[in-house]
Amino acid sequence: MTFIADTSCLRQRRPEIFLALVSVLLIGCHSKDLPRKPSLQLTRVPMANPGGPEQLEYIEGRVADARPCRQIVLYAHSGVWWIQPLANRPFTKIQADSTWKNSTHLGTEYAALLVEPGYHPESKVATLPKEGNGVIAVATATGKAAAPIISKVLHFSGYDWMVRAAASDRGGETNSYDPANAWVDQKGYLHLQMAVRDGRWSCANVRLARSLGYGTYRFVVQDSADLQPSAVLGIFTLDEGKPDEIRNELDIELSRWGEPGKKNVQYVVQPYYVPENISRFMVPAGVLTHTLRWQPGVASFKTTRGPEVGSGSKSISEHVFTSGVPTPAAETVHIELYEFHHSKNISQRPAEVVIEKFEYLP
């Protein structure tokens with residue numbers, strides 16, 4: 001059998017074949033000029049640690065062939081992937097020598113994303129974003145094996161309290177925290193301080209080492225009515241493993257929020273921007289007892305004069321919330337003294353508060 005080619009088909013497609021051949025030749029001639037895909041590398045990986053708010057460590061890397069204005073987004077894995085170093089500081093700048101460096105909370109794994117300008121990262125994700133939709137490259141690494149970090153622990157009122165060492169964005173801006181700013185004196189009283197050491201301004205935070213759930217929480221606080229206007233003494237429950245909008249947060253906050261003429265205490269069921277979730281009032285000088293009674297669907301707050309609560313104690317303010325009250329999960333009690341940076345009256349003068357006693361009744 002003789003095979004005869006269909007030359008009519010070939011003639012009809014001759015222009016298309018010619019253009020295709022020219023394209024291939026052109027690509028071959030100019031392939032050396034095509035831009036290479038940017039690469040991303042982790043050059044310093046922190047130790048592996050289950051994670052938490054108390055410790056920070058540096059993470060570093062390098063980018064090859066990155067265009068200007070691109071940035072790095074960092075994540076650390078602790079149950080899920082958390083953006084680093086803080087939710088209000090999600091981007092790491094790439095330096096002129098193509099390197100980058102930032103601090104990160106600890107986790108078991110670490111990730112860096114090279115992203116386009118305008119990229120909006122999530123503060124918490126179960127799975128890392130893939131390349132595309134603004135993500136140019138992704139690099140991950142397992143944390144280095146190392147001895148576990150031992151955080152400073154204080155024993156106060158019969159409970160263990162973890163002392164914060166890492167920065168926090170509480171109050172809307174970043175505050176640094178120093179474990180030296182929290183201690184227990186010979187009387188068993190807890191001291192929290194805002195101070196300057198070696199030219200560095202820092203605050204204080206302690207959190208209960210375990211969750212307690214429903215019950216009565218009572219705090220005896222020495223005179224704090226005349227705190228500087230931008231200082232905040234916060235006493236609150238908080239589940240740091242949940243998103244901001246559902247963090248099981250109930251607050252007693254002593255502050256004028258930067259306005260000297262403002263009332264100096266408030267009770268809050270978060271979120272605070274819901275009008276019925278906040279109650280503000282004034283307290284006088286002297287020792288006060290602040291009480292939170294947390295029950296299913298009800299959060300009852302009360303502030304009284306003196307260190308004791310009973311039939312003879314004078315009530316200064318009381319408020320009962322029945323809307324938006326959270327249910328217990330993994331929240332813990334926090335006590336902290338920090339600077340409200342949104343204030344126009346920031347003084348950053350040293351400040352100190354003393355909590356004489358914490359009591360919990362189921």
# chains A, B, ... in the order shown; residues from 1 in each chain; ligands from 1
call {"tool": "residues_around", "arguments": {"residues": "Arg207 (chain A)", "least_positions_apart": "6", "cutoff": "7 Å", "atoms": "only C-alpha atoms", "output": "VMD selection string"}}
result
chain A and resid 161 to 163 332 to 335
call {"tool": "closest_atom_pairs", "arguments": {"of": "region 138-181 of chain A", "to": "region 54-69 of chain A", "cutoff": "10 Å", "atoms": "only C-alpha atoms", "output": "tab-separated table"}}
result
residue	atom	partner	partner_atom	distance
A:Ala139	CA	A:Gly61	CA	9.6
A:Ile149	CA	A:Gln55	CA	8.2
A:Ile150	CA	A:Gln55	CA	9.6
A:Ser151	CA	A:Glu54	CA	7.1
A:Lys152	CA	A:Glu54	CA	9.1
A:Met162	CA	A:Glu54	CA	7.9
A:Val163	CA	A:Glu54	CA	7.0
A:Arg164	CA	A:Glu54	CA	4.5
A:Ala165	CA	A:Glu54	CA	4.9
A:Ala166	CA	A:Gln55	CA	5.0
A:Ala167	CA	A:Leu56	CA	7.9
A:Ser168	CA	A:Glu54	CA	9.5
A:Tyr177	CA	A:Glu54	CA	9.0
A:Asp178	CA	A:Glu54	CA	10.0
A:Pro179	CA	A:Glu54	CA	9.4
call {"tool": "write_last_selection", "arguments": {"atoms": "all heavy atoms", "output": "mmCIF file, in the first residue's frame"}}
result
data_model
loop_
_atom_site.group_PDB
_atom_site.id
_atom_site.type_symbol
_atom_site.label_atom_id
_atom_site.label_comp_id
_atom_site.auth_asym_id
_atom_site.auth_seq_id
_atom_site.Cartn_x
_atom_site.Cartn_y
_atom_site.Cartn_z
ATOM 1 N N ALA A 139 8.217 29.609 51.909
ATOM 2 C CA ALA A 139 9.293 28.793 52.474
ATOM 3 C C ALA A 139 8.908 28.390 53.889
ATOM 4 O O ALA A 139 8.408 29.216 54.666
ATOM 5 C CB ALA A 139 10.604 29.566 52.494
ATOM 6 N N ILE A 149 12.120 26.392 76.898
ATOM 7 C CA ILE A 149 12.291 27.678 77.567
ATOM 8 C C ILE A 149 11.516 27.670 78.890
ATOM 9 O O ILE A 149 10.359 27.255 78.951
ATOM 10 C CB ILE A 149 11.779 28.811 76.677
ATOM 11 C CG1 ILE A 149 12.665 28.926 75.445
ATOM 12 C CG2 ILE A 149 11.750 30.134 77.431
ATOM 13 C CD1 ILE A 149 12.180 29.952 74.457
ATOM 14 N N ILE A 150 12.175 28.121 79.911
ATOM 15 C CA ILE A 150 11.527 28.192 81.223
ATOM 16 C C ILE A 150 11.141 29.640 81.483
ATOM 17 O O ILE A 150 12.001 30.512 81.654
ATOM 18 C CB ILE A 150 12.461 27.671 82.327
ATOM 19 C CG1 ILE A 150 12.843 26.204 82.041
ATOM 20 C CG2 ILE A 150 11.796 27.793 83.692
ATOM 21 C CD1 ILE A 150 13.844 25.634 83.010
ATOM 22 N N SER A 151 9.858 29.914 81.494
ATOM 23 C CA SER A 151 9.375 31.270 81.727
ATOM 24 C C SER A 151 9.418 31.587 83.219
ATOM 25 O O SER A 151 9.368 30.688 84.071
ATOM 26 C CB SER A 151 7.943 31.422 81.210
ATOM 27 O OG SER A 151 7.875 31.177 79.831
ATOM 28 N N LYS A 152 9.498 32.864 83.528
ATOM 29 C CA LYS A 152 9.451 33.297 84.917
ATOM 30 C C LYS A 152 8.053 33.035 85.477
ATOM 31 O O LYS A 152 7.049 33.350 84.842
ATOM 32 C CB LYS A 152 9.782 34.788 85.009
ATOM 33 C CG LYS A 152 9.747 35.340 86.427
ATOM 34 C CD LYS A 152 10.134 36.813 86.448
ATOM 35 C CE LYS A 152 10.034 37.396 87.848
ATOM 36 N NZ LYS A 152 10.409 38.841 87.874
ATOM 37 N N MET A 162 2.295 33.095 85.129
ATOM 38 C CA MET A 162 3.341 33.195 84.118
ATOM 39 C C MET A 162 3.592 34.668 83.801
ATOM 40 O O MET A 162 2.638 35.434 83.585
ATOM 41 C CB MET A 162 2.922 32.459 82.851
ATOM 42 C CG MET A 162 2.395 31.043 83.077
ATOM 43 S SD MET A 162 3.620 29.925 83.761
ATOM 44 C CE MET A 162 4.734 29.794 82.367
ATOM 45 N N VAL A 163 4.858 35.058 83.754
ATOM 46 C CA VAL A 163 5.220 36.456 83.524
ATOM 47 C C VAL A 163 5.593 36.648 82.060
ATOM 48 O O VAL A 163 6.422 35.914 81.516
ATOM 49 C CB VAL A 163 6.394 36.875 84.423
ATOM 50 C CG1 VAL A 163 6.715 38.365 84.224
ATOM 51 C CG2 VAL A 163 6.059 36.603 85.891
ATOM 52 N N ARG A 164 4.997 37.630 81.442
ATOM 53 C CA ARG A 164 5.212 37.866 80.013
ATOM 54 C C ARG A 164 6.567 38.503 79.758
ATOM 55 O O ARG A 164 6.984 39.427 80.470
ATOM 56 C CB ARG A 164 4.106 38.762 79.454
ATOM 57 C CG ARG A 164 4.145 38.872 77.929
ATOM 58 C CD ARG A 164 3.054 39.772 77.386
ATOM 59 N NE ARG A 164 3.006 39.644 75.926
ATOM 60 C CZ ARG A 164 2.073 38.992 75.255
ATOM 61 N NH1 ARG A 164 1.086 38.416 75.906
ATOM 62 N NH2 ARG A 164 2.110 38.912 73.946
ATOM 63 N N ALA A 165 7.244 38.026 78.690
ATOM 64 C CA ALA A 165 8.512 38.613 78.262
ATOM 65 C C ALA A 165 8.440 39.159 76.845
ATOM 66 O O ALA A 165 9.298 39.934 76.438
ATOM 67 C CB ALA A 165 9.627 37.572 78.340
ATOM 68 N N ALA A 166 7.430 38.761 76.071
ATOM 69 C CA ALA A 166 7.333 39.161 74.668
ATOM 70 C C ALA A 166 6.471 40.404 74.516
ATOM 71 O O ALA A 166 5.659 40.741 75.379
ATOM 72 C CB ALA A 166 6.738 38.022 73.842
ATOM 73 N N ALA A 167 6.642 41.081 73.375
ATOM 74 C CA ALA A 167 5.839 42.265 73.077
ATOM 75 C C ALA A 167 4.381 41.889 72.855
ATOM 76 O O ALA A 167 4.044 40.737 72.590
ATOM 77 C CB ALA A 167 6.385 42.972 71.846
ATOM 78 N N SER A 168 3.503 42.877 72.980
ATOM 79 C CA SER A 168 2.072 42.672 72.773
ATOM 80 C C SER A 168 1.491 43.896 72.084
ATOM 81 O O SER A 168 1.991 45.008 72.241
ATOM 82 C CB SER A 168 1.363 42.458 74.121
ATOM 83 O OG SER A 168 -0.051 42.527 73.980
ATOM 84 N N TYR A 177 7.397 44.140 77.057
ATOM 85 C CA TYR A 177 7.184 43.645 78.416
ATOM 86 C C TYR A 177 8.484 43.075 78.957
ATOM 87 O O TYR A 177 9.225 42.404 78.243
ATOM 88 C CB TYR A 177 6.089 42.576 78.442
ATOM 89 C CG TYR A 177 4.707 43.147 78.213
ATOM 90 C CD1 TYR A 177 4.287 43.496 76.927
ATOM 91 C CD2 TYR A 177 3.841 43.386 79.264
ATOM 92 C CE1 TYR A 177 3.028 44.049 76.713
ATOM 93 C CE2 TYR A 177 2.582 43.937 79.057
ATOM 94 C CZ TYR A 177 2.187 44.273 77.774
ATOM 95 O OH TYR A 177 0.945 44.829 77.569
ATOM 96 N N ASP A 178 8.748 43.344 80.232
ATOM 97 C CA ASP A 178 9.972 42.890 80.878
ATOM 98 C C ASP A 178 9.606 42.100 82.128
ATOM 99 O O ASP A 178 8.893 42.623 83.012
ATOM 100 C CB ASP A 178 10.825 44.103 81.251
ATOM 101 C CG ASP A 178 12.202 43.720 81.758
ATOM 102 O OD1 ASP A 178 12.390 42.550 82.164
ATOM 103 O OD2 ASP A 178 13.088 44.588 81.774
ATOM 104 N N PRO A 179 10.058 40.842 82.249
ATOM 105 C CA PRO A 179 9.744 40.059 83.456
ATOM 106 C C PRO A 179 10.193 40.725 84.748
ATOM 107 O O PRO A 179 9.623 40.464 85.814
ATOM 108 C CB PRO A 179 10.507 38.747 83.217
ATOM 109 C CG PRO A 179 10.621 38.633 81.738
ATOM 110 C CD PRO A 179 10.796 40.050 81.251
#
call {"tool": "residues_around", "arguments": {"residues": "Gly79 (chain A)", "least_positions_apart": "2", "cutoff": "10 Å", "atoms": "only C-alpha atoms", "output": "MDAnalysis selection string"}}
result
chainID A and resid 50:51 76:77 81:82 107:108 125:126 241
call {"tool": "select_by_dssp", "arguments": {"residues": "region 116-332 of chain A", "states": "strand (DSSP E)", "output": "MDAnalysis selection string"}}
result
chainID A and resid 124:125 135:142 153:156 159:163 182:184 190:197 200:202 204:208 215:221 231:238 250:254 265:269 278:281 288:295 298:305 315:321 332
call {"tool": "closest_residue", "arguments": {"among": "A:Asn133, A:Thr127, A:Ser230, A:Thr140", "to": "Gln41 (chain A)", "atoms": "only C-alpha atoms"}}
result
A:Thr140
call {"tool": "closest_residue", "arguments": {"among": "A:Asn175, A:Ser103, A:Ser300, A:Asn88", "to": "His120 (chain A)", "atoms": "only C-alpha atoms"}}
result
A:Asn88
call {"tool": "closest_atom_pairs", "arguments": {"of": "region 71-187 of chain A", "to": "region 348-358 of chain A", "cutoff": "10 Å", "atoms": "only C-alpha atoms", "output": "tab-separated table"}}
result
residue	atom	partner	partner_atom	distance
A:Phe156	CA	A:Phe358	CA	7.8
A:Ser157	CA	A:Phe358	CA	5.7
A:Gly158	CA	A:Phe358	CA	8.5
A:Tyr159	CA	A:Phe358	CA	8.8
A:Asn181	CA	A:Glu352	CA	9.0
A:Ala182	CA	A:Glu352	CA	9.7
A:Trp183	CA	A:Val354	CA	9.9
A:Val184	CA	A:Val354	CA	9.3
A:Asp185	CA	A:Val354	CA	9.8
A:Lys187	CA	A:Glu356	CA	8.5
call {"tool": "atom_distance", "arguments": {"atom1": "CA of Asp226 (chain A)", "atom2": "CA of Glu259 (chain A)"}}
result
12.4 Å
call {"tool": "closest_residue", "arguments": {"among": "A:Leu86, A:Ile136, A:Thr289, A:Val115", "to": "Pro38 (chain A)", "atoms": "only C-alpha atoms"}}
result
A:Ile136
call {"tool": "closest_residue", "arguments": {"among": "A:Ser323, A:Leu208, A:Asn248, A:Ala299", "to": "Val153 (chain A)", "atoms": "only C-alpha atoms"}}
result
A:Leu208
call {"tool": "closest_atom_pairs", "arguments": {"of": "region 216-237 of chain A", "to": "region 250-256 of chain A", "cutoff": "6 Å", "atoms": "only C-alpha atoms", "output": "tab-separated table"}}
result
residue	atom	partner	partner_atom	distance
A:Pro229	CA	A:Arg256	CA	5.1
A:Val232	CA	A:Ser255	CA	4.8
A:Leu233	CA	A:Leu254	CA	5.0
A:Gly234	CA	A:Glu253	CA	4.6
A:Ile235	CA	A:Ile252	CA	5.1
A:Phe236	CA	A:Asp251	CA	4.3
A:Thr237	CA	A:Leu250	CA	5.4
call {"tool": "write_last_selection", "arguments": {"atoms": "N, CA, C and O atoms", "output": "tab-separated table (two decimals), in the first residue's frame"}}
result
chain	number	residue	atom	x	y	z
A	229	PRO	N	-2.65	59.47	83.04
A	229	PRO	CA	-3.82	59.29	82.17
A	229	PRO	C	-3.69	58.20	81.11
A	229	PRO	O	-4.68	57.58	80.74
A	232	VAL	N	-2.76	51.97	81.91
A	232	VAL	CA	-3.93	51.10	82.02
A	232	VAL	C	-3.59	49.92	82.92
A	232	VAL	O	-2.61	49.21	82.68
A	233	LEU	N	-4.38	49.75	83.98
A	233	LEU	CA	-4.32	48.52	84.76
A	233	LEU	C	-5.48	47.65	84.28
A	233	LEU	O	-6.65	47.98	84.49
A	234	GLY	N	-5.16	46.55	83.62
A	234	GLY	CA	-6.18	45.66	83.09
A	234	GLY	C	-6.23	44.37	83.88
A	234	GLY	O	-5.21	43.72	84.12
A	235	ILE	N	-7.43	43.99	84.31
A	235	ILE	CA	-7.68	42.73	85.00
A	235	ILE	C	-8.76	42.03	84.19
A	235	ILE	O	-9.88	42.53	84.09
A	236	PHE	N	-8.44	40.87	83.59
A	236	PHE	CA	-9.38	40.33	82.61
A	236	PHE	C	-9.16	38.84	82.40
A	236	PHE	O	-8.10	38.29	82.69
A	237	THR	N	-10.19	38.21	81.86
A	237	THR	CA	-10.08	36.84	81.37
A	237	THR	C	-9.81	36.91	79.87
A	237	THR	O	-10.33	37.78	79.18
call {"tool": "closest_residue", "arguments": {"among": "A:Val220, A:Val206, A:Met282, A:Met47", "to": "Ala145 (chain A)", "atoms": "only C-alpha atoms"}}
result
A:Met47
call {"tool": "decode", "arguments": {"residues": "region 181-212 of chain A", "atoms": "N, CA, C and O atoms", "output": "PDB file, in the first residue's frame"}}
result
ATOM      1  N   ASN A 181       9.620  43.578  85.624  1.00  0.00           N
ATOM      2  CA  ASN A 181       8.588  44.528  86.053  1.00  0.00           C
ATOM      3  C   ASN A 181       7.476  43.883  86.888  1.00  0.00           C
ATOM      4  O   ASN A 181       6.520  44.561  87.241  1.00  0.00           O
ATOM      5  N   ALA A 182       7.600  42.608  87.177  1.00  0.00           N
ATOM      6  CA  ALA A 182       6.582  41.920  87.982  1.00  0.00           C
ATOM      7  C   ALA A 182       7.280  41.135  89.089  1.00  0.00           C
ATOM      8  O   ALA A 182       8.220  40.378  88.828  1.00  0.00           O
ATOM      9  N   TRP A 183       6.826  41.292  90.313  1.00  0.00           N
ATOM     10  CA  TRP A 183       7.411  40.554  91.436  1.00  0.00           C
ATOM     11  C   TRP A 183       6.405  40.504  92.598  1.00  0.00           C
ATOM     12  O   TRP A 183       5.413  41.227  92.631  1.00  0.00           O
ATOM     13  N   VAL A 184       6.678  39.615  93.550  1.00  0.00           N
ATOM     14  CA  VAL A 184       5.863  39.464  94.755  1.00  0.00           C
ATOM     15  C   VAL A 184       6.722  39.835  95.953  1.00  0.00           C
ATOM     16  O   VAL A 184       7.856  39.344  96.095  1.00  0.00           O
ATOM     17  N   ASP A 185       6.214  40.724  96.822  1.00  0.00           N
ATOM     18  CA  ASP A 185       7.013  41.187  97.960  1.00  0.00           C
ATOM     19  C   ASP A 185       6.867  40.253  99.163  1.00  0.00           C
ATOM     20  O   ASP A 185       6.205  39.207  99.099  1.00  0.00           O
ATOM     21  N   GLN A 186       7.489  40.640 100.275  1.00  0.00           N
ATOM     22  CA  GLN A 186       7.506  39.792 101.459  1.00  0.00           C
ATOM     23  C   GLN A 186       6.119  39.619 102.072  1.00  0.00           C
ATOM     24  O   GLN A 186       5.867  38.641 102.788  1.00  0.00           O
ATOM     25  N   LYS A 187       5.221  40.555 101.805  1.00  0.00           N
ATOM     26  CA  LYS A 187       3.847  40.429 102.303  1.00  0.00           C
ATOM     27  C   LYS A 187       3.000  39.516 101.422  1.00  0.00           C
ATOM     28  O   LYS A 187       1.849  39.216 101.759  1.00  0.00           O
ATOM     29  N   GLY A 188       3.552  39.119 100.271  1.00  0.00           N
ATOM     30  CA  GLY A 188       2.781  38.312  99.333  1.00  0.00           C
ATOM     31  C   GLY A 188       1.982  39.136  98.356  1.00  0.00           C
ATOM     32  O   GLY A 188       1.131  38.601  97.642  1.00  0.00           O
ATOM     33  N   TYR A 189       2.250  40.458  98.282  1.00  0.00           N
ATOM     34  CA  TYR A 189       1.543  41.338  97.357  1.00  0.00           C
ATOM     35  C   TYR A 189       2.222  41.298  95.989  1.00  0.00           C
ATOM     36  O   TYR A 189       3.453  41.254  95.882  1.00  0.00           O
ATOM     37  N   LEU A 190       1.407  41.363  94.929  1.00  0.00           N
ATOM     38  CA  LEU A 190       1.913  41.392  93.555  1.00  0.00           C
ATOM     39  C   LEU A 190       2.154  42.832  93.123  1.00  0.00           C
ATOM     40  O   LEU A 190       1.266  43.679  93.229  1.00  0.00           O
ATOM     41  N   HIS A 191       3.363  43.111  92.600  1.00  0.00           N
ATOM     42  CA  HIS A 191       3.711  44.437  92.089  1.00  0.00           C
ATOM     43  C   HIS A 191       3.864  44.368  90.577  1.00  0.00           C
ATOM     44  O   HIS A 191       4.536  43.468  90.052  1.00  0.00           O
ATOM     45  N   LEU A 192       3.253  45.328  89.883  1.00  0.00           N
ATOM     46  CA  LEU A 192       3.431  45.482  88.439  1.00  0.00           C
ATOM     47  C   LEU A 192       3.930  46.901  88.184  1.00  0.00           C
ATOM     48  O   LEU A 192       3.426  47.859  88.766  1.00  0.00           O
ATOM     49  N   GLN A 193       4.878  47.013  87.266  1.00  0.00           N
ATOM     50  CA  GLN A 193       5.537  48.298  87.056  1.00  0.00           C
ATOM     51  C   GLN A 193       5.703  48.592  85.569  1.00  0.00           C
ATOM     52  O   GLN A 193       5.884  47.674  84.763  1.00  0.00           O
ATOM     53  N   MET A 194       5.617  49.864  85.205  1.00  0.00           N
ATOM     54  CA  MET A 194       6.085  50.350  83.910  1.00  0.00           C
ATOM     55  C   MET A 194       7.348  51.139  84.180  1.00  0.00           C
ATOM     56  O   MET A 194       7.347  52.046  85.023  1.00  0.00           O
ATOM     57  N   ALA A 195       8.438  50.803  83.492  1.00  0.00           N
ATOM     58  CA  ALA A 195       9.726  51.402  83.826  1.00  0.00           C
ATOM     59  C   ALA A 195      10.625  51.479  82.615  1.00  0.00           C
ATOM     60  O   ALA A 195      10.360  50.860  81.577  1.00  0.00           O
ATOM     61  N   VAL A 196      11.711  52.234  82.766  1.00  0.00           N
ATOM     62  CA  VAL A 196      12.742  52.348  81.746  1.00  0.00           C
ATOM     63  C   VAL A 196      14.015  51.727  82.288  1.00  0.00           C
ATOM     64  O   VAL A 196      14.506  52.114  83.351  1.00  0.00           O
ATOM     65  N   ARG A 197      14.530  50.726  81.555  1.00  0.00           N
ATOM     66  CA  ARG A 197      15.800  50.096  81.912  1.00  0.00           C
ATOM     67  C   ARG A 197      16.696  50.078  80.680  1.00  0.00           C
ATOM     68  O   ARG A 197      16.273  49.605  79.627  1.00  0.00           O
ATOM     69  N   ASP A 198      17.909  50.603  80.833  1.00  0.00           N
ATOM     70  CA  ASP A 198      18.871  50.649  79.725  1.00  0.00           C
ATOM     71  C   ASP A 198      18.284  51.350  78.511  1.00  0.00           C
ATOM     72  O   ASP A 198      18.484  50.935  77.367  1.00  0.00           O
ATOM     73  N   GLY A 199      17.510  52.397  78.766  1.00  0.00           N
ATOM     74  CA  GLY A 199      16.933  53.176  77.682  1.00  0.00           C
ATOM     75  C   GLY A 199      15.724  52.543  77.021  1.00  0.00           C
ATOM     76  O   GLY A 199      15.229  53.055  76.009  1.00  0.00           O
ATOM     77  N   ARG A 200      15.209  51.457  77.578  1.00  0.00           N
ATOM     78  CA  ARG A 200      14.091  50.732  76.975  1.00  0.00           C
ATOM     79  C   ARG A 200      12.870  50.796  77.876  1.00  0.00           C
ATOM     80  O   ARG A 200      12.922  50.435  79.039  1.00  0.00           O
ATOM     81  N   TRP A 201      11.757  51.271  77.315  1.00  0.00           N
ATOM     82  CA  TRP A 201      10.499  51.383  78.040  1.00  0.00           C
ATOM     83  C   TRP A 201       9.761  50.048  77.983  1.00  0.00           C
ATOM     84  O   TRP A 201       9.663  49.430  76.922  1.00  0.00           O
ATOM     85  N   SER A 202       9.266  49.587  79.125  1.00  0.00           N
ATOM     86  CA  SER A 202       8.587  48.291  79.142  1.00  0.00           C
ATOM     87  C   SER A 202       7.469  48.273  80.176  1.00  0.00           C
ATOM     88  O   SER A 202       7.443  49.075  81.106  1.00  0.00           O
ATOM     89  N   CYS A 203       6.556  47.312  79.996  1.00  0.00           N
ATOM     90  CA  CYS A 203       5.360  47.182  80.821  1.00  0.00           C
ATOM     91  C   CYS A 203       5.381  45.846  81.557  1.00  0.00           C
ATOM     92  O   CYS A 203       6.402  45.158  81.581  1.00  0.00           O
ATOM     93  N   ALA A 204       4.258  45.451  82.163  1.00  0.00           N
ATOM     94  CA  ALA A 204       4.210  44.225  82.957  1.00  0.00           C
ATOM     95  C   ALA A 204       2.901  43.484  82.720  1.00  0.00           C
ATOM     96  O   ALA A 204       1.840  44.102  82.589  1.00  0.00           O
ATOM     97  N   ASN A 205       2.997  42.140  82.677  1.00  0.00           N
ATOM     98  CA  ASN A 205       1.814  41.298  82.489  1.00  0.00           C
ATOM     99  C   ASN A 205       2.070  39.948  83.143  1.00  0.00           C
ATOM    100  O   ASN A 205       3.132  39.355  82.966  1.00  0.00           O
ATOM    101  N   VAL A 206       1.083  39.475  83.898  1.00  0.00           N
ATOM    102  CA  VAL A 206       1.115  38.108  84.427  1.00  0.00           C
ATOM    103  C   VAL A 206      -0.209  37.446  84.073  1.00  0.00           C
ATOM    104  O   VAL A 206      -1.249  38.110  83.977  1.00  0.00           O
ATOM    105  N   ARG A 207      -0.154  36.122  83.862  1.00  0.00           N
ATOM    106  CA  ARG A 207      -1.382  35.384  83.595  1.00  0.00           C
ATOM    107  C   ARG A 207      -1.396  34.113  84.418  1.00  0.00           C
ATOM    108  O   ARG A 207      -0.356  33.488  84.669  1.00  0.00           O
ATOM    109  N   LEU A 208      -2.584  33.753  84.851  1.00  0.00           N
ATOM    110  CA  LEU A 208      -2.756  32.545  85.638  1.00  0.00           C
ATOM    111  C   LEU A 208      -2.354  31.325  84.825  1.00  0.00           C
ATOM    112  O   LEU A 208      -2.653  31.248  83.629  1.00  0.00           O
ATOM    113  N   ALA A 209      -1.683  30.374  85.454  1.00  0.00           N
ATOM    114  CA  ALA A 209      -1.159  29.221  84.731  1.00  0.00           C
ATOM    115  C   ALA A 209      -2.237  28.217  84.354  1.00  0.00           C
ATOM    116  O   ALA A 209      -1.967  27.292  83.581  1.00  0.00           O
ATOM    117  N   ARG A 210      -3.461  28.364  84.849  1.00  0.00           N
ATOM    118  CA  ARG A 210      -4.537  27.442  84.473  1.00  0.00           C
ATOM    119  C   ARG A 210      -5.864  28.173  84.368  1.00  0.00           C
ATOM    120  O   ARG A 210      -6.047  29.267  84.919  1.00  0.00           O
ATOM    121  N   SER A 211      -6.783  27.557  83.659  1.00  0.00           N
ATOM    122  CA  SER A 211      -8.115  28.125  83.462  1.00  0.00           C
ATOM    123  C   SER A 211      -9.028  27.720  84.612  1.00  0.00           C
ATOM    124  O   SER A 211      -8.951  26.587  85.105  1.00  0.00           O
ATOM    125  N   LEU A 212      -9.910  28.643  85.015  1.00  0.00           N
ATOM    126  CA  LEU A 212     -10.787  28.375  86.151  1.00  0.00           C
ATOM    127  C   LEU A 212     -12.264  28.284  85.771  1.00  0.00           C
ATOM    128  O   LEU A 212     -13.033  27.608  86.435  1.00  0.00           O
TER     129      LEU A 212
END
